[in-house]
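> What follows is the file target.txt, containing compact mmCIF, C-alpha atoms:
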```
# COMPACT_ATOMS: atom_id res chain seq x y z
CA MET K 23 -6.63 -6.64 32.09
CA ARG K 24 -3.48 -4.56 31.86
CA ASP K 25 -3.23 -1.21 30.11
CA VAL K 26 -1.21 -1.41 26.88
CA ALA K 27 1.13 1.02 25.15
CA ILE K 28 2.76 1.27 21.73
CA VAL K 29 6.49 1.81 22.22
CA GLY K 30 7.82 1.32 18.71
CA ALA K 31 6.48 1.89 15.20
CA PHE K 32 7.83 1.80 11.65
CA GLN K 33 6.54 1.80 8.08
CA THR K 34 8.45 0.98 4.92
CA LYS K 35 8.00 3.06 1.82
CA PHE K 36 4.76 2.10 0.09
CA GLY K 37 4.55 1.76 -3.69
CA GLU K 38 5.61 -0.47 -6.58
CA LEU K 39 8.70 -1.85 -4.90
CA TRP K 40 10.18 -4.07 -7.60
CA ASP K 41 13.56 -4.37 -5.88
CA LYS K 42 12.16 -5.71 -2.58
CA SER K 43 10.63 -9.10 -1.88
CA PHE K 44 7.77 -10.00 0.44
CA ARG K 45 10.18 -11.10 3.14
CA ASP K 46 12.45 -8.08 2.63
CA LEU K 47 9.56 -5.74 3.35
CA VAL K 48 8.30 -7.33 6.54
CA VAL K 49 11.81 -7.76 7.94
CA GLU K 50 12.56 -4.08 7.24
CA ALA K 51 9.40 -3.05 9.07
CA GLY K 52 10.01 -5.37 12.01
CA VAL K 53 13.62 -4.31 12.50
CA GLY K 54 12.58 -0.66 12.23
CA ALA K 55 9.92 -1.06 14.94
CA ILE K 56 12.27 -2.95 17.26
CA ASN K 57 14.92 -0.26 16.85
CA ASP K 58 12.33 2.46 17.43
CA ALA K 59 11.38 0.74 20.69
CA ASN K 60 15.03 0.54 21.78
CA MET K 61 14.73 -3.23 22.09
CA ALA K 62 16.60 -6.23 20.78
CA GLY K 63 15.02 -9.04 18.80
CA GLU K 64 15.31 -11.43 21.74
CA ASP K 65 13.06 -9.12 23.78
CA ILE K 66 10.02 -9.95 21.60
CA ASP K 67 7.75 -12.66 23.06
CA ALA K 68 5.39 -13.17 20.10
CA MET K 69 4.30 -11.70 16.81
CA TYR K 70 1.02 -11.36 14.89
CA ILE K 71 1.20 -10.77 11.15
CA GLY K 72 -1.62 -9.22 9.14
CA ASN K 73 -1.68 -10.54 5.58
CA MET K 74 -4.65 -10.91 3.29
CA SER K 75 -3.41 -13.13 0.49
CA GLY K 76 0.25 -14.08 0.31
CA GLY K 77 -0.84 -17.25 -1.50
CA LEU K 78 -2.55 -15.44 -4.37
CA PHE K 79 -0.13 -12.52 -4.65
CA VAL K 80 3.27 -14.20 -4.24
CA GLY K 81 2.40 -17.92 -4.08
CA GLN K 82 3.49 -18.19 -0.46
CA GLU K 83 1.47 -19.55 2.42
CA HIS K 84 2.70 -20.45 5.92
CA ILE K 85 4.02 -16.92 6.12
CA SER K 86 3.98 -16.72 9.92
CA ALA K 87 6.86 -19.19 10.16
CA LEU K 88 8.57 -17.69 7.11
CA ILE K 89 8.60 -14.24 8.71
CA ALA K 90 9.78 -15.53 12.08
CA GLU K 91 12.65 -17.29 10.33
CA HIS K 92 13.75 -14.43 8.11
CA SER K 93 13.44 -11.80 10.83
CA GLY K 94 15.67 -13.87 13.09
CA LEU K 95 12.92 -14.11 15.71
CA ALA K 96 12.29 -17.87 15.51
CA PRO K 97 11.38 -19.83 17.61
CA ILE K 98 8.96 -17.30 19.14
CA PRO K 99 5.28 -17.95 18.33
CA SER K 100 4.26 -16.20 15.11
CA THR K 101 0.64 -16.10 13.98
CA ARG K 102 -0.88 -14.94 10.71
CA VAL K 103 -4.13 -12.95 10.93
CA GLU K 104 -6.45 -12.65 7.92
CA ALA K 105 -9.52 -10.44 7.57
CA ALA K 106 -9.20 -9.13 4.02
CA CYS K 107 -8.11 -5.47 4.05
CA ALA K 108 -8.62 -5.38 7.86
CA SER K 109 -5.94 -8.02 8.45
CA GLY K 110 -3.49 -5.48 9.87
CA GLY K 111 -6.03 -3.93 12.24
CA LEU K 112 -6.94 -7.36 13.57
CA ALA K 113 -3.27 -8.33 13.97
CA LEU K 114 -2.84 -5.24 16.11
CA ARG K 115 -5.93 -6.16 18.12
CA GLN K 116 -4.57 -9.67 18.75
CA ALA K 117 -1.26 -8.24 19.93
CA ILE K 118 -2.99 -5.80 22.25
CA MET K 119 -5.19 -8.51 23.75
CA ALA K 120 -2.17 -10.80 24.25
CA VAL K 121 -0.41 -8.13 26.29
CA ALA K 122 -3.55 -6.94 28.09
CA SER K 123 -4.29 -10.49 29.23
CA GLY K 124 -0.82 -10.92 30.67
CA TYR K 125 0.01 -13.80 28.36
CA TYR K 126 2.92 -11.93 26.76
CA ASP K 127 4.83 -8.78 27.70
CA ARG K 128 6.35 -7.55 24.43
CA VAL K 129 4.56 -8.31 21.17
CA MET K 130 5.07 -7.22 17.58
CA ALA K 131 2.07 -6.56 15.37
CA ALA K 132 3.03 -6.32 11.72
CA GLY K 133 1.31 -6.22 8.36
CA VAL K 134 2.61 -6.90 4.87
CA GLU K 135 1.43 -7.32 1.30
CA LYS K 136 3.33 -7.65 -1.97
CA MET K 137 0.70 -6.98 -4.62
CA THR K 138 2.62 -5.97 -7.73
CA ASP K 139 4.20 -9.34 -8.48
CA VAL K 140 1.07 -10.60 -10.27
CA VAL K 141 -0.09 -9.55 -13.73
CA ASP K 142 -3.62 -8.78 -12.52
CA ALA K 143 -4.33 -8.22 -8.81
CA THR K 144 -8.10 -8.05 -9.36
CA PRO K 145 -8.92 -11.74 -8.78
CA ALA K 146 -6.92 -11.80 -5.54
CA ILE K 147 -8.62 -8.64 -4.26
CA ALA K 148 -12.03 -9.98 -5.30
CA ALA K 149 -11.47 -12.96 -2.98
CA ALA K 150 -12.48 -10.62 -0.13
CA SER K 151 -16.01 -10.30 -1.53
CA ASP K 152 -18.81 -12.89 -1.52
CA GLN K 153 -17.67 -15.32 -4.21
CA GLU K 154 -21.05 -16.89 -4.98
CA TRP K 155 -23.20 -13.76 -4.96
CA GLU K 156 -20.70 -11.08 -6.02
CA ALA K 157 -17.33 -12.07 -7.49
CA GLN K 158 -18.59 -14.93 -9.66
CA GLN K 159 -21.28 -12.63 -11.07
CA GLY K 160 -18.61 -10.21 -12.27
CA VAL K 161 -18.95 -7.69 -9.44
CA THR K 162 -15.70 -5.95 -8.41
CA PHE K 163 -14.91 -3.79 -5.41
CA PRO K 164 -15.02 -0.57 -7.46
CA SER K 165 -18.54 -1.48 -8.60
CA LEU K 166 -19.65 -2.36 -5.06
CA TYR K 167 -18.45 0.98 -3.72
CA ALA K 168 -19.91 2.71 -6.79
CA MET K 169 -23.33 1.41 -5.72
CA MET K 170 -22.77 2.92 -2.29
CA ALA K 171 -21.77 6.22 -3.86
CA ARG K 172 -24.85 6.32 -6.12
CA ARG K 173 -27.15 5.60 -3.19
CA HIS K 174 -25.51 8.25 -1.00
CA MET K 175 -25.87 10.81 -3.77
CA TYR K 176 -29.54 9.82 -4.20
CA GLU K 177 -30.46 9.85 -0.50
CA TYR K 178 -28.52 12.88 0.69
CA GLY K 179 -27.83 15.01 -2.36
CA THR K 180 -24.11 14.42 -2.07
CA THR K 181 -22.34 15.77 -5.14
CA ARG K 182 -19.74 14.10 -7.29
CA GLU K 183 -17.38 16.95 -6.49
CA GLN K 184 -17.73 16.35 -2.76
CA ILE K 185 -16.85 12.68 -3.13
CA ALA K 186 -13.83 13.60 -5.26
CA GLY K 187 -12.82 16.08 -2.57
CA PHE K 188 -11.89 13.26 -0.22
CA ALA K 189 -9.24 12.02 -2.65
CA VAL K 190 -7.96 15.58 -3.03
CA VAL K 191 -7.42 15.87 0.75
CA GLY K 192 -5.58 12.55 0.80
CA HIS K 193 -3.17 13.61 -1.93
CA LYS K 194 -2.58 16.99 -0.31
CA ASN K 195 -1.48 15.20 2.87
CA GLY K 196 0.38 12.47 1.01
CA ALA K 197 2.52 15.12 -0.67
CA LEU K 198 3.94 15.79 2.81
CA ASN K 199 4.66 12.12 3.59
CA PRO K 200 8.01 10.75 2.33
CA LYS K 201 6.75 7.17 2.82
CA ALA K 202 3.65 7.69 0.64
CA GLN K 203 3.22 6.01 -2.74
CA PHE K 204 1.89 9.23 -4.31
CA GLN K 205 3.56 12.42 -3.12
CA ARG K 206 1.70 14.88 -5.31
CA GLU K 207 -1.44 16.95 -5.04
CA ILE K 208 -4.44 16.54 -7.35
CA SER K 209 -7.51 18.66 -8.03
CA VAL K 210 -11.22 17.89 -8.04
CA ASP K 211 -11.21 18.42 -11.81
CA ALA K 212 -8.39 15.89 -12.16
CA VAL K 213 -10.45 13.31 -10.27
CA LEU K 214 -13.58 14.01 -12.31
CA ASN K 215 -11.70 13.83 -15.62
CA SER K 216 -9.67 10.71 -14.84
CA THR K 217 -10.45 7.32 -16.38
CA LYS K 218 -13.87 5.91 -15.52
CA VAL K 219 -13.77 2.71 -13.46
CA ALA K 220 -17.32 2.13 -12.20
CA SER K 221 -19.65 5.08 -12.46
CA PRO K 222 -19.54 7.42 -10.63
CA LEU K 223 -16.03 6.41 -9.48
CA ASN K 224 -12.94 7.18 -11.56
CA ILE K 225 -9.39 5.94 -11.26
CA LEU K 226 -8.40 8.82 -8.97
CA ASP K 227 -11.16 7.80 -6.56
CA CYS K 228 -9.48 4.41 -6.11
CA SER K 229 -6.59 3.36 -3.88
CA PRO K 230 -3.66 1.85 -5.79
CA VAL K 231 -2.10 -1.59 -5.95
CA SER K 232 0.79 -1.36 -3.49
CA ASP K 233 3.69 -3.15 -1.85
CA GLY K 234 4.73 -2.40 1.71
CA ALA K 235 4.88 -3.36 5.37
CA SER K 236 4.51 -1.77 8.77
CA ALA K 237 5.06 -2.90 12.36
CA VAL K 238 4.44 -1.74 15.91
CA ILE K 239 5.62 -3.02 19.29
CA VAL K 240 3.21 -3.16 22.24
CA CYS K 241 3.93 -3.77 25.91
CA PRO K 242 2.26 -3.20 29.29
CA ALA K 243 1.73 0.51 29.92
CA GLU K 244 3.52 0.23 33.24
CA ASP K 245 6.71 -0.80 31.40
CA ALA K 246 6.46 1.64 28.51
CA LYS K 247 8.86 4.25 29.87
CA LYS K 248 11.60 1.60 29.95
CA TYR K 249 11.67 1.78 26.16
CA THR K 250 10.59 5.27 25.14
CA ASP K 251 9.95 8.71 26.57
CA THR K 252 6.90 9.09 24.35
CA PRO K 253 4.70 6.00 24.61
CA VAL K 254 1.27 6.02 23.00
CA TYR K 255 -1.45 4.38 25.04
CA VAL K 256 -4.17 2.09 23.72
CA LYS K 257 -7.47 3.34 25.13
CA ALA K 258 -9.69 0.93 23.17
CA SER K 259 -9.49 -1.87 20.62
CA THR K 260 -12.74 -3.10 19.08
CA GLN K 261 -13.98 -5.21 16.20
CA ALA K 262 -17.36 -5.71 14.55
CA SER K 263 -18.70 -7.81 11.68
CA ASP K 264 -21.43 -7.39 9.08
CA THR K 265 -22.65 -9.30 6.05
CA ILE K 266 -19.88 -9.90 3.54
CA ALA K 267 -22.25 -9.21 0.62
CA LEU K 268 -24.11 -5.94 0.11
CA HIS K 269 -27.48 -7.42 -0.79
CA ASN K 270 -28.22 -8.47 2.81
CA ARG K 271 -27.61 -5.00 4.27
CA LYS K 272 -30.27 -2.67 5.65
CA SER K 273 -28.55 0.28 4.02
CA LEU K 274 -25.92 0.92 1.36
CA THR K 275 -24.98 4.26 2.90
CA THR K 276 -23.92 3.07 6.37
CA LEU K 277 -21.32 0.51 7.40
CA GLU K 278 -22.98 -0.84 10.54
CA SER K 279 -19.73 -2.54 11.52
CA THR K 280 -18.01 0.86 11.63
CA VAL K 281 -20.82 2.36 13.69
CA LEU K 282 -20.84 -0.51 16.20
CA ALA K 283 -17.07 -0.85 16.54
CA SER K 284 -16.51 2.89 16.92
CA ARG K 285 -19.28 3.46 19.46
CA LYS K 286 -17.99 0.59 21.57
CA ALA K 287 -14.46 1.99 21.31
CA TYR K 288 -15.57 5.46 22.38
CA ASP K 289 -17.45 3.98 25.33
CA ILE K 290 -14.43 1.94 26.46
CA ALA K 291 -12.11 4.94 26.05
CA GLY K 292 -14.53 7.30 27.77
CA ILE K 293 -14.58 9.77 24.90
CA THR K 294 -16.90 11.11 22.20
CA PRO K 295 -16.11 11.71 18.52
CA LYS K 296 -15.63 15.40 19.32
CA ASP K 297 -12.60 14.49 21.47
CA VAL K 298 -10.69 13.08 18.48
CA GLN K 299 -8.16 15.35 16.79
CA VAL K 300 -6.67 12.94 14.24
CA ALA K 301 -8.12 9.92 12.43
CA GLU K 302 -6.73 7.45 9.93
CA VAL K 303 -9.80 6.12 8.11
CA HIS K 304 -10.16 3.42 5.48
CA ASP K 305 -10.56 5.24 2.15
CA CYS K 306 -10.01 2.34 -0.26
CA PHE K 307 -12.34 4.42 -2.44
CA SER K 308 -13.18 8.08 -1.91
CA ILE K 309 -16.79 7.22 -1.07
CA ASN K 310 -15.64 4.96 1.77
CA GLY K 311 -13.70 7.85 3.25
CA LEU K 312 -16.87 9.94 3.13
CA LEU K 313 -18.91 7.13 4.72
CA ALA K 314 -16.24 6.68 7.40
CA ILE K 315 -16.31 10.26 8.67
CA GLU K 316 -20.08 9.92 9.05
CA ASP K 317 -20.17 6.42 10.51
CA LEU K 318 -17.38 7.25 12.98
CA GLY K 319 -19.57 10.06 14.26
CA PHE K 320 -17.42 12.99 13.22
CA PHE K 321 -20.25 14.36 11.08
CA GLU K 322 -23.96 13.72 10.85
CA LYS K 323 -25.11 11.10 8.33
CA GLY K 324 -25.56 12.76 4.97
CA LYS K 325 -23.40 15.78 5.93
CA GLY K 326 -19.99 14.27 5.19
CA GLY K 327 -19.85 15.67 1.67
CA GLN K 328 -20.47 19.18 2.89
CA ALA K 329 -17.86 18.73 5.62
CA ILE K 330 -15.29 17.77 2.97
CA GLU K 331 -16.26 20.75 0.81
CA ASP K 332 -15.99 23.10 3.81
CA GLY K 333 -12.48 21.93 4.69
CA GLU K 334 -13.48 20.30 7.97
CA ILE K 335 -11.25 17.24 7.45
CA ASP K 336 -8.13 19.15 6.39
CA LEU K 337 -5.02 19.19 8.57
CA ASN K 338 -5.62 21.13 11.80
CA SER K 339 -9.35 21.53 11.15
CA THR K 340 -12.40 20.05 12.92
CA VAL K 341 -10.79 16.60 12.70
CA SER K 342 -7.58 15.96 10.77
CA VAL K 343 -8.37 12.97 8.56
CA ASN K 344 -5.67 10.79 6.97
CA PRO K 345 -2.63 13.01 7.54
CA SER K 346 -0.56 10.15 6.12
CA GLY K 347 -2.37 10.49 2.79
CA GLY K 348 -4.66 7.58 3.56
CA LEU K 349 -5.06 4.50 1.42
CA LYS K 350 -5.49 6.71 -1.65
CA ALA K 351 -2.13 8.49 -1.51
CA ARG K 352 -0.04 6.67 1.10
CA GLY K 353 -0.93 3.40 -0.62
CA HIS K 354 -2.88 0.28 0.27
CA PRO K 355 -0.82 -2.92 0.62
CA LEU K 356 -3.82 -4.74 2.01
CA GLY K 357 -2.42 -6.57 5.04
CA ALA K 358 -0.20 -3.65 6.04
CA THR K 359 -2.82 -0.89 6.03
CA GLY K 360 -4.19 -1.31 9.56
CA ILE K 361 -0.69 -1.28 11.06
CA ALA K 362 0.33 1.69 8.92
CA GLN K 363 -2.67 3.58 10.28
CA ALA K 364 -1.52 2.86 13.85
CA THR K 365 2.02 3.88 12.94
CA GLU K 366 0.79 7.23 11.59
CA VAL K 367 -1.36 7.99 14.63
CA THR K 368 1.54 7.01 16.89
CA LEU K 369 3.80 9.48 15.08
CA GLN K 370 1.14 12.16 15.34
CA LEU K 371 0.64 11.68 19.08
CA ARG K 372 4.41 11.66 19.63
CA GLN K 373 4.64 14.91 17.64
CA ASP K 374 6.99 13.19 15.18
CA ALA K 375 5.00 13.66 11.95
CA ASP K 376 7.12 16.49 10.55
CA LYS K 377 5.39 18.62 7.87
CA ARG K 378 2.05 16.85 8.27
CA GLN K 379 1.95 17.19 12.05
CA VAL K 380 -1.47 17.86 13.60
CA SER K 381 -0.72 20.57 16.14
CA ASP K 382 -3.17 19.55 18.86
CA ALA K 383 -3.01 15.76 18.47
CA GLU K 384 -3.77 14.14 21.82
CA ILE K 385 -6.33 11.47 20.86
CA GLY K 386 -6.33 9.55 17.59
CA VAL K 387 -8.49 6.87 15.96
CA THR K 388 -7.67 4.19 13.41
CA HIS K 389 -10.42 2.65 11.28
CA ASN K 390 -9.60 -0.45 9.22
CA VAL K 391 -12.21 -2.09 6.95
CA GLY K 392 -12.25 -5.56 5.43
CA GLY K 393 -14.07 -5.83 2.10
CA THR K 394 -17.14 -3.61 2.03
CA GLY K 395 -17.45 -3.64 5.81
CA GLY K 396 -17.73 -7.33 6.60
CA THR K 397 -14.99 -6.69 9.17
CA VAL K 398 -14.06 -3.44 10.88
CA ALA K 399 -11.37 -2.81 13.52
CA VAL K 400 -11.25 0.49 15.42
CA HIS K 401 -8.54 1.62 17.82
CA VAL K 402 -8.43 4.66 20.07
CA LEU K 403 -4.91 5.82 20.91
CA SER K 404 -3.91 8.57 23.32
CA ARG K 405 -0.86 10.56 24.33
CA ASP K 406 -1.93 10.21 27.99
CA LEU K 407 -2.76 7.11 29.99
```
Represent the structure from my file as C-alpha cells, please.

Amino acid sequence: MRDVAIVGAFQTKFGELWDKSFRDLVVEAGVGAINDANMAGEDIDAMYIGNMSGGLFVGQEHISALIAEHSGLAPIPSTRVEAACASGGLALRQAIMAVASGYYDRVMAAGVEKMTDVVDATPAIAAASDQEWEAQQGVTFPSLYAMMARRHMYEYGTTREQIAGFAVVGHKNGALNPKAQFQREISVDAVLNSTKVASPLNILDCSPVSDGASAVIVCPAEDAKKYTDTPVYVKASTQASDTIALHNRKSLTTLESTVLASRKAYDIAGITPKDVQVAEVHDCFSINGLLAIEDLGFFEKGKGGQAIEDGEIDLNSTVSVNPSGGLKARGHPLGATGIAQATEVTLQLRQDADKRQVSDAEIGVTHNVGGTGGTVAVHVLSRDL
C-alpha cells in the first residue's frame, strides 16, 4: 500500500445559498480543489462524491454522472458514496484507498448537499434513522440526541450549561471563518434561552439546514511535492459501524463506532490522543460534540463537560476542537461535512487558517458520524510523512 497525501482542498461558502444550484456548488468546490493542487481537470483519474440524499432534497439521483458531466471531467469514473451524514468521510476514505492500492494516482473526493430547496428537510434527514423502529414512530434526530444528553447528565452529572458550552465554542470559532454559515458568537445564556426543540436540547444546540460543497485531491505521497510545497499526509483512514437504532445499544452515552474507529486509526498512525493538536468532530448537536471528545479519547468518559467548561477545547488549548466552527456554526450540508472537515484540518496543518489558526498544528483528526453513530469515519492527517 502506498502512502497518500492531500495536495488540494477547497470549500464553498456554507449557508442558505438560494442563488446556487446543486451542480453549481459541487463544480465550484471541485474546480477550487483542482486549482489549489495546481492541476488541470484532465489530471484527475477518478472521483468519489459524498451525498446523502440528492433524491429527497433536489429530486436528483444518478448524481455521480451528473457531476462528472457538469465539472467537465467525464468520462472519468465517478462514484457516489452514501452513509447518511458520514457520506463525505466515506467518500474521502474510498479516494484514499484507491490511491493507496495503486489503482489510481490522482483522485478527487468531494461532498455536496443542497438542503434548502425543500419546504421541510425533516423527512429527508429522518431517512438516516431506523424507519421501522424510530422514524415511523415519530422519533426525530433531535429527540434521539436528547435521549443521549439526558442519560449523560444522569450518569455523569453533566450540566446543561456544559452541553451548551460546546455550541458556544463552535460559534466563537465560526466567527473567524469567512466560509461559515454563522459568523457570530453566542453565549451559554443564549443557548439555554433559545427555542426548545427536544428537551434538554434547544435550537442553538442544533446544527442548521445548509447548502454547500467541499473537495480534496489525493495522490501518492511520493508525488505530492510535484503539486504543492505543503502536502498533508494521510496517516490513517478508518471506518466502523454500529446499530442504526438506539434501542439495541449497550450505552446511550458512548458511540462505540467512534471508539473503535478512532483507536484503530491511532494504532495505524502510531499516535495517541494526546498527540493530536486539532480535531474536527461531528457536532450535529452539542451533545454529540461532547460525546465525541470523550469517545475520541481526548478526555475521560464523563469528564467532557468539565473540559468544555474549563476551556480545554478552545483554540490553542489542550486540543483545539472545531476551529472551522464545526457543524453548528460552519454549517452541515450533510454529504459535504466529512470533506469540509478534511479541508479545515488540511488548512490548519498547512498553516493557512488565518485568524483561526492553531499555532502548533502538526497532527489533526477528522470525525464524521452517520445518523446516531451507525457509521463513523475517522482520519488522521499529519504535516509530516
> Using all atoms listed in the file, which residue out of K:Cys306, K:Val161, K:Ile361, K:Val387 lies closest to K:Phe188?
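The shortest atom-to-atom distance to K:Phe188 comes from K:Cys306.
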> Return as a Markdown table the residues of stretch 64-135 of chain K lying at most 12 Å from stretch 232-251 of chain K, together with the closest atom-to-atom pair for each and the distance in Å to one decimal, counting only C-alpha atoms, with rows in chain order and ascending residue number.

```
| residue | atom | partner | partner_atom | distance |
| --- | --- | --- | --- | --- |
| K:Asp65 | CA | K:Ile239 | CA | 10.6 |
| K:Ile66 | CA | K:Ile239 | CA | 8.5 |
| K:Asp67 | CA | K:Cys241 | CA | 10.1 |
| K:Ala68 | CA | K:Ile239 | CA | 10.2 |
| K:Met69 | CA | K:Ile239 | CA | 9.1 |
| K:Tyr70 | CA | K:Ala237 | CA | 9.7 |
| K:Ile71 | CA | K:Ala237 | CA | 8.8 |
| K:Gly72 | CA | K:Ala235 | CA | 9.5 |
| K:Asn73 | CA | K:Ala235 | CA | 9.7 |
| K:Gly76 | CA | K:Asp233 | CA | 11.7 |
| K:Phe79 | CA | K:Asp233 | CA | 10.5 |
| K:Val80 | CA | K:Asp233 | CA | 11.3 |
| K:Ile89 | CA | K:Ala235 | CA | 12.0 |
| K:Gly110 | CA | K:Ser236 | CA | 8.9 |
| K:Gly111 | CA | K:Ala237 | CA | 11.1 |
| K:Ala113 | CA | K:Ala237 | CA | 10.1 |
| K:Leu114 | CA | K:Val238 | CA | 8.1 |
| K:Arg115 | CA | K:Val240 | CA | 10.5 |
| K:Gln116 | CA | K:Val240 | CA | 10.7 |
| K:Ala117 | CA | K:Val240 | CA | 7.2 |
| K:Ile118 | CA | K:Val240 | CA | 6.7 |
| K:Met119 | CA | K:Val240 | CA | 10.1 |
| K:Ala120 | CA | K:Cys241 | CA | 9.5 |
| K:Val121 | CA | K:Cys241 | CA | 6.2 |
| K:Ala122 | CA | K:Pro242 | CA | 7.0 |
| K:Ser123 | CA | K:Pro242 | CA | 9.8 |
| K:Gly124 | CA | K:Pro242 | CA | 8.4 |
| K:Tyr125 | CA | K:Pro242 | CA | 10.9 |
| K:Tyr126 | CA | K:Cys241 | CA | 8.3 |
| K:Asp127 | CA | K:Cys241 | CA | 5.4 |
| K:Arg128 | CA | K:Cys241 | CA | 4.7 |
| K:Val129 | CA | K:Val240 | CA | 5.4 |
| K:Met130 | CA | K:Ile239 | CA | 4.6 |
| K:Ala131 | CA | K:Val238 | CA | 5.4 |
| K:Ala132 | CA | K:Ala237 | CA | 4.0 |
| K:Gly133 | CA | K:Ala235 | CA | 5.5 |
| K:Val134 | CA | K:Ala235 | CA | 4.2 |
| K:Glu135 | CA | K:Asp233 | CA | 5.7 |
```
> Just the residues within 7 Å of stretch 208-212 of chain K, please, counting all atoms listed in the file, with nothing from its chain fewer than 3 positions along; format it as JSON, numbers by chain.
{"K": [183, 186, 187, 190, 193, 215, 216]}
> Give the answer as one residue: which of K:Gly160, K:Pro355, K:Gly326, K:Gly52 has the shortest atom-to-atom distance to K:Val231, using only C-alpha atoms?
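With only C-alpha atoms as the atom set, the closest residue is K:Pro355.
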> Would you kindly return, as a CSV table (one decimal) with C-alpha atoms, keeping the file's coordinate frame, each protein, DNA or RNA residue with an atom no farther than 9 Å from any atom of K:Ser339, considering only C-alpha atoms and excluding same-chain residues fewer than 5 positions away?

```
chain,number,residue,atom,x,y,z
K,299,GLN,CA,-8.2,15.4,16.8
K,333,GLY,CA,-12.5,21.9,4.7
K,334,GLU,CA,-13.5,20.3,8.0
```
> Measuring atom to atom with only C-alpha atoms, identify which of K:Met175, K:Val298, K:Leu78, K:Ile385 is nearest to K:Thr144.
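Ranking K:Met175, K:Val298, K:Leu78, K:Ile385 by distance to K:Thr144, first place goes to K:Leu78.
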> Smallest atom-to-atom distance to K:Ala314: which of K:Asn270, K:Thr388, K:Ser346, K:Thr365, using only C-alpha atoms?
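Looking at the shortest contact to K:Ala314, the residue is K:Thr388.
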> Of the candidates K:Ser273, K:Gly54, K:Val303, K:Val402, which one gets nearest to K:His174 if we count only C-alpha atoms?
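Using only C-alpha atoms, K:His174 sits closest to K:Ser273.
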> Taking (1.1, 5.1, 15.0) in the file's coordinates as the center, which residues reach within 12 Å of it, counting all atoms listed in the file, put as a PyMOL selection string?
chain K and resi 27-33+55+58+111+114+131+236-240+252-256+300-302+344-346+359-375+383+385-388+401-405
> Point out the residue among K:Ser308, K:Gln82, K:Gln158, K:Thr275 with the least atom-to-atom distance to K:Ile330, counting all atoms listed in the file.
K:Ser308
> What is the distance between atom CA of K:Ala262 and atom CA of K:Leu277, in Å to one decimal?
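Going from atom CA of K:Ala262 over to atom CA of K:Leu277 covers 10.3 Å.
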> I'd like the neighbourhood of K:Gln184 as a ChimeraX atom specification, where a residue qualifies if any of its atoms comes within 8 Å (using all atoms listed in the file), though same-chain residues fewer than 6 positions away should be ignored.
/K:327-328,330-331
> Write to file, as a PDB file, in the coordinates of the input, the residues of the selection just made, with C-alpha atoms.

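Output contents, as saved in selection.pdb:
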```
ATOM      1  CA  GLY K 327     -19.850  15.670   1.670  1.00  0.00           C
ATOM      2  CA  GLN K 328     -20.470  19.180   2.890  1.00  0.00           C
ATOM      3  CA  ILE K 330     -15.290  17.770   2.970  1.00  0.00           C
ATOM      4  CA  GLU K 331     -16.260  20.750   0.810  1.00  0.00           C
TER       5      GLU K 331
END
```
> Set the distance at 7 Å and use all atoms listed in the file: which residues neighbour K:Met74 once local chain neighbours fewer than 3 positions away are removed? I'd like the list as number ranges by chain.
K: 104-107, 109, 356-357
> Record the distance separating atom CA of K:Thr397 and atom CA of K:Ala157, expressed in Å with one decimal.
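According to the coordinates, atom CA of K:Thr397 and atom CA of K:Ala157 are separated by 17.7 Å.
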> Tell me, in Å to one decimal, how far atom CA of K:Val391 is from atom CA of K:Asn57.
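Interatomic distance here is 28.9 Å.
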> Within 12 Å of K:Ala329, counting only C-alpha atoms, which residues qualify if same-chain residues fewer than 5 places away don't, as number ranges by chain?
K: 180, 184-185, 187-188, 191, 311-313, 315-316, 320-324, 334-336, 339-343
> So which residues are close to (-12.7, 0.0, 13.4), meaning at most 7 Å away in the file's coordinates with all atoms listed in the file counted, and can you show them as a list of chain:residue names?
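Residues satisfying the cut-off, written out: K:Thr260, K:Gln261, K:Thr280, K:Ala283, K:Ser284, K:Thr388, K:His389, K:Asn390, K:Val391, K:Val398, K:Ala399, K:Val400, K:His401.
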